[in-house]
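Report on the structure given below.
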Amino acid sequence: KPATVSLVMICGDAHRDILARAVGSVLDYPQPLVDEIVVCWNGQNPSPIVCGDVSGVPLRQYLQVWRGDFGAARTESFSHATCDWIFWLDADDVLATKPTRRHGPLLNYPLGHYLNKIDAQIVQVWTPYRYKEDPEEWQLHPRILRRDVDWRSVGVAHEEFECCAAEAPWTVLPSLQIWHQPVESEAQRQDRNVAILDAAIGRGEATPLILYYKARALEDVGDLKGATRLYEGALANALSHSRWRRHTYQIAMMASTCTLRSKDYKLSAKFSAVVLQRRPDLPEAHNVHGVALALGGAFVDAATAFDLGMATTAKIARGEPVVRFNEFPDFEEGSPIVMACRGQAYMEVGRSPEALRSLRMIPPSERGPEIAEMIKVLLHR
């Protein structure tokens with residue numbers, strides 16, 4: 001028989017007025033998507049939603065005690081679903097009626113750390129407001145989950161999914177898109193998340209993910225030293241507990257870029273080495289490692305790291321499966337900082353042709369006098 005789908009949502013007071021918009025976007029989709037709707041209220045003043053004609057789809061609502069933990073609230077909401085699949089939305093999400101953009105071959109897009117062996121379908125989620133450089137931030141996110149698998153959402157202020165029973169591979173739905181349209185500003189969101197994380201730490205719930213997200217919050221406001229201390233604690237905790245070990249590369253990658261920004265190059269190289277132990281197929285990790293080594297003066301090792309990054313990039317060009325890590329554009333293949341450090345490392349180890357090629361890839365407007373002088377020297381060799 002055809003698989004059935006439960007739409008599952010949690011909602012608090014701040015989102016009461018826009019919940020109907022989210023539900024309506026699902027019901028108005030050109031094809032029928034859901035067989036039931038489950039809404040869990042965790043605000044102070046729960047009330048029935050008003051969404052007009054639900055087109056014959058059963059709607060059930062539950063009261064939920066808010067404990068300052070989004071992960072726990074999400075997990076509890078899943079327990080009320082009765083269909084084969086769970087399709088979860090936030091109250092400030094809107095389902096797009098048709099795809100608006102594509103980013104590469106989505107069906108072959110390897111999502112990272114928590115979807116290697118779990119039954120899920122991945123949906124494009126768009127946040128239009130977050131980055132000034134890219135006003136349409138997009139992510140691939142597990143939104144459709146097989147219900148008969150033991151799902152648990154963790155992270156307190158951010159969802160990370162754990163699953164012990166799943167074996168089937170995940171798939172991506174390139175035709176389904178969600179627009180995430182928060183009612184709060186980015187600053188308000190950060191303040192809210194920090195308050196939730198601080199409360200969890202105060203309760204003695206300092207898991208690696210909680211420390212990791214608090215570190216990211218500190219990094220967002222420029223406290224790089226405080227963020228580094230928390231990243232170190234999160235990484236040590238994750239490495240010492242098997243439950244959290246799969247998050248080590250995620251924590252170490254953010255830690256390595258944070259310490260690059262704070263100019264602690266030796267520590268950055270240490271963090272990025274942890275990433276490469278876990279994921280040797282991440283081109284950006286090779287580049288971050290090479291940048292840290294080059295800035296720290298270890299040019300021979302830096303040249304090796306960059307060579308490995310180039311080999312990984314060549315695998316991508318040949319269409320071979322490689323995990324991409326796209327959260328750090330400053331350290332992606334071909335970025336000015338990577339090519340400058342690569343060129344400097346190759347110069348130091350006497351590989352002038354490779355150094356010249358790397359430095360010439362930097363746009364003239366971003367070279368600066370030092371890069372221009374290095375190119376001039378290489379041209380006269």
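Chain labels A, B, ... are given in the sequence in which chains occur in the structure tokens; within each chain residues are numbered consecutively from 1, and ligands are likewise numbered from 1 in the order shown.
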Report task. Can you check which residues of segment 176-247 of chain A DSSP gives as strand (DSSP E or B) on the backbone and send them as a ChimeraX atom specification? Result -> /A:176-180
Take the selection from the previous step and output its residues with N, CA and C atoms, as a compact mmCIF listing (two decimals), in the first residue's frame.
# COMPACT_ATOMS: atom_id res chain seq x y z
N LEU A 176 11.49 19.20 -3.59
CA LEU A 176 10.79 19.74 -2.42
C LEU A 176 11.69 20.75 -1.73
N GLN A 177 11.15 21.94 -1.48
CA GLN A 177 11.93 23.00 -0.84
C GLN A 177 11.13 23.66 0.27
N ILE A 178 11.84 24.06 1.30
CA ILE A 178 11.24 24.76 2.44
C ILE A 178 11.90 26.12 2.57
N TRP A 179 11.08 27.14 2.68
CA TRP A 179 11.58 28.49 2.99
C TRP A 179 11.44 28.70 4.49
N HIS A 180 12.58 28.94 5.14
CA HIS A 180 12.57 29.21 6.57
C HIS A 180 12.52 30.73 6.75
Report summary line: Using only C-alpha atoms, the residue out of A:Cys83, A:Ala73, A:Ala22, A:Asp119 with shortest distance to Ala96 of chain A is A:Ala22
Requested in this report: Grab the atom CA of Gly222 of chain A to atom CA of Ile251 of chain A distance for me, in Å with one decimal place.
Outcome: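 Rounded to one decimal, the two atoms are 17.8 Å apart.
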Query raised in the report: Which of these residues is nearest to Phe161 of chain A, using only C-alpha atoms: A:Val377, A:Leu145, A:Val194, A:Cys341?
Result: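 Counting only C-alpha atoms, the residue closest to Phe161 of chain A is A:Leu145.
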**Report entry** Residues near Ser25 of chain A, cut-off 12 Å, only C-alpha atoms, skip fewer than 3 positions along chain, as a count of residues only
**Finding:** 28
Query - Long-range neighbours of segment 304-320 of chain A as a list in words, 9 Å cut-off, only C-alpha atoms, 6 positions minimum in chain - result: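 Using only C-alpha atoms, the neighbours found are Pro280, Asp281, Leu282, Pro283, Glu284, Ala285, His286, Asn287, Val288, His289, Gly290, Val291, Leu293, Glu333, Val338, Arg342 and Ala345 of chain A.
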Take the residues that were just selected and, keeping N, CA and C atoms, output them as a PDB file, in the first residue's frame.
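And here is the file that came out, out.pdb:
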ATOM      1  N   PRO A 280      39.465  12.064   5.521  1.00  0.00           N
ATOM      2  CA  PRO A 280      40.551  12.434   4.609  1.00  0.00           C
ATOM      3  C   PRO A 280      40.068  12.884   3.234  1.00  0.00           C
ATOM      4  N   ASP A 281      38.760  12.768   2.959  1.00  0.00           N
ATOM      5  CA  ASP A 281      38.234  13.141   1.647  1.00  0.00           C
ATOM      6  C   ASP A 281      37.571  14.512   1.656  1.00  0.00           C
ATOM      7  N   LEU A 282      37.929  15.375   2.595  1.00  0.00           N
ATOM      8  CA  LEU A 282      37.395  16.734   2.624  1.00  0.00           C
ATOM      9  C   LEU A 282      38.435  17.700   2.060  1.00  0.00           C
ATOM     10  N   PRO A 283      38.245  18.221   0.835  1.00  0.00           N
ATOM     11  CA  PRO A 283      39.236  19.151   0.269  1.00  0.00           C
ATOM     12  C   PRO A 283      39.474  20.367   1.153  1.00  0.00           C
ATOM     13  N   GLU A 284      38.404  20.925   1.722  1.00  0.00           N
ATOM     14  CA  GLU A 284      38.559  22.116   2.544  1.00  0.00           C
ATOM     15  C   GLU A 284      39.371  21.832   3.794  1.00  0.00           C
ATOM     16  N   ALA A 285      39.278  20.602   4.334  1.00  0.00           N
ATOM     17  CA  ALA A 285      40.059  20.262   5.514  1.00  0.00           C
ATOM     18  C   ALA A 285      41.549  20.240   5.187  1.00  0.00           C
ATOM     19  N   HIS A 286      41.904  19.704   4.022  1.00  0.00           N
ATOM     20  CA  HIS A 286      43.302  19.744   3.594  1.00  0.00           C
ATOM     21  C   HIS A 286      43.772  21.195   3.485  1.00  0.00           C
ATOM     22  N   ASN A 287      42.917  22.034   2.922  1.00  0.00           N
ATOM     23  CA  ASN A 287      43.301  23.423   2.739  1.00  0.00           C
ATOM     24  C   ASN A 287      43.459  24.154   4.067  1.00  0.00           C
ATOM     25  N   VAL A 288      42.519  23.947   4.991  1.00  0.00           N
ATOM     26  CA  VAL A 288      42.637  24.578   6.312  1.00  0.00           C
ATOM     27  C   VAL A 288      43.915  24.111   6.994  1.00  0.00           C
ATOM     28  N   HIS A 289      44.202  22.806   6.898  1.00  0.00           N
ATOM     29  CA  HIS A 289      45.413  22.260   7.507  1.00  0.00           C
ATOM     30  C   HIS A 289      46.650  22.896   6.872  1.00  0.00           C
ATOM     31  N   GLY A 290      46.647  22.999   5.543  1.00  0.00           N
ATOM     32  CA  GLY A 290      47.781  23.600   4.857  1.00  0.00           C
ATOM     33  C   GLY A 290      47.965  25.070   5.209  1.00  0.00           C
ATOM     34  N   VAL A 291      46.871  25.822   5.283  1.00  0.00           N
ATOM     35  CA  VAL A 291      46.951  27.239   5.658  1.00  0.00           C
ATOM     36  C   VAL A 291      47.541  27.380   7.063  1.00  0.00           C
ATOM     37  N   LEU A 293      49.453  25.278   8.711  1.00  0.00           N
ATOM     38  CA  LEU A 293      50.862  24.901   8.721  1.00  0.00           C
ATOM     39  C   LEU A 293      51.730  25.974   8.066  1.00  0.00           C
ATOM     40  N   GLU A 333      38.776  25.364  -2.175  1.00  0.00           N
ATOM     41  CA  GLU A 333      39.748  25.326  -3.261  1.00  0.00           C
ATOM     42  C   GLU A 333      39.616  26.571  -4.124  1.00  0.00           C
ATOM     43  N   VAL A 338      43.845  30.455   0.484  1.00  0.00           N
ATOM     44  CA  VAL A 338      44.404  29.123   0.224  1.00  0.00           C
ATOM     45  C   VAL A 338      45.491  29.211  -0.844  1.00  0.00           C
ATOM     46  N   ARG A 342      49.357  28.350  -0.362  1.00  0.00           N
ATOM     47  CA  ARG A 342      49.880  27.265  -1.203  1.00  0.00           C
ATOM     48  C   ARG A 342      51.120  27.749  -1.980  1.00  0.00           C
ATOM     49  N   ALA A 345      54.080  28.158   0.365  1.00  0.00           N
ATOM     50  CA  ALA A 345      54.631  26.861   0.763  1.00  0.00           C
ATOM     51  C   ALA A 345      55.460  26.268  -0.381  1.00  0.00           C
TER      52      ALA A 345
END
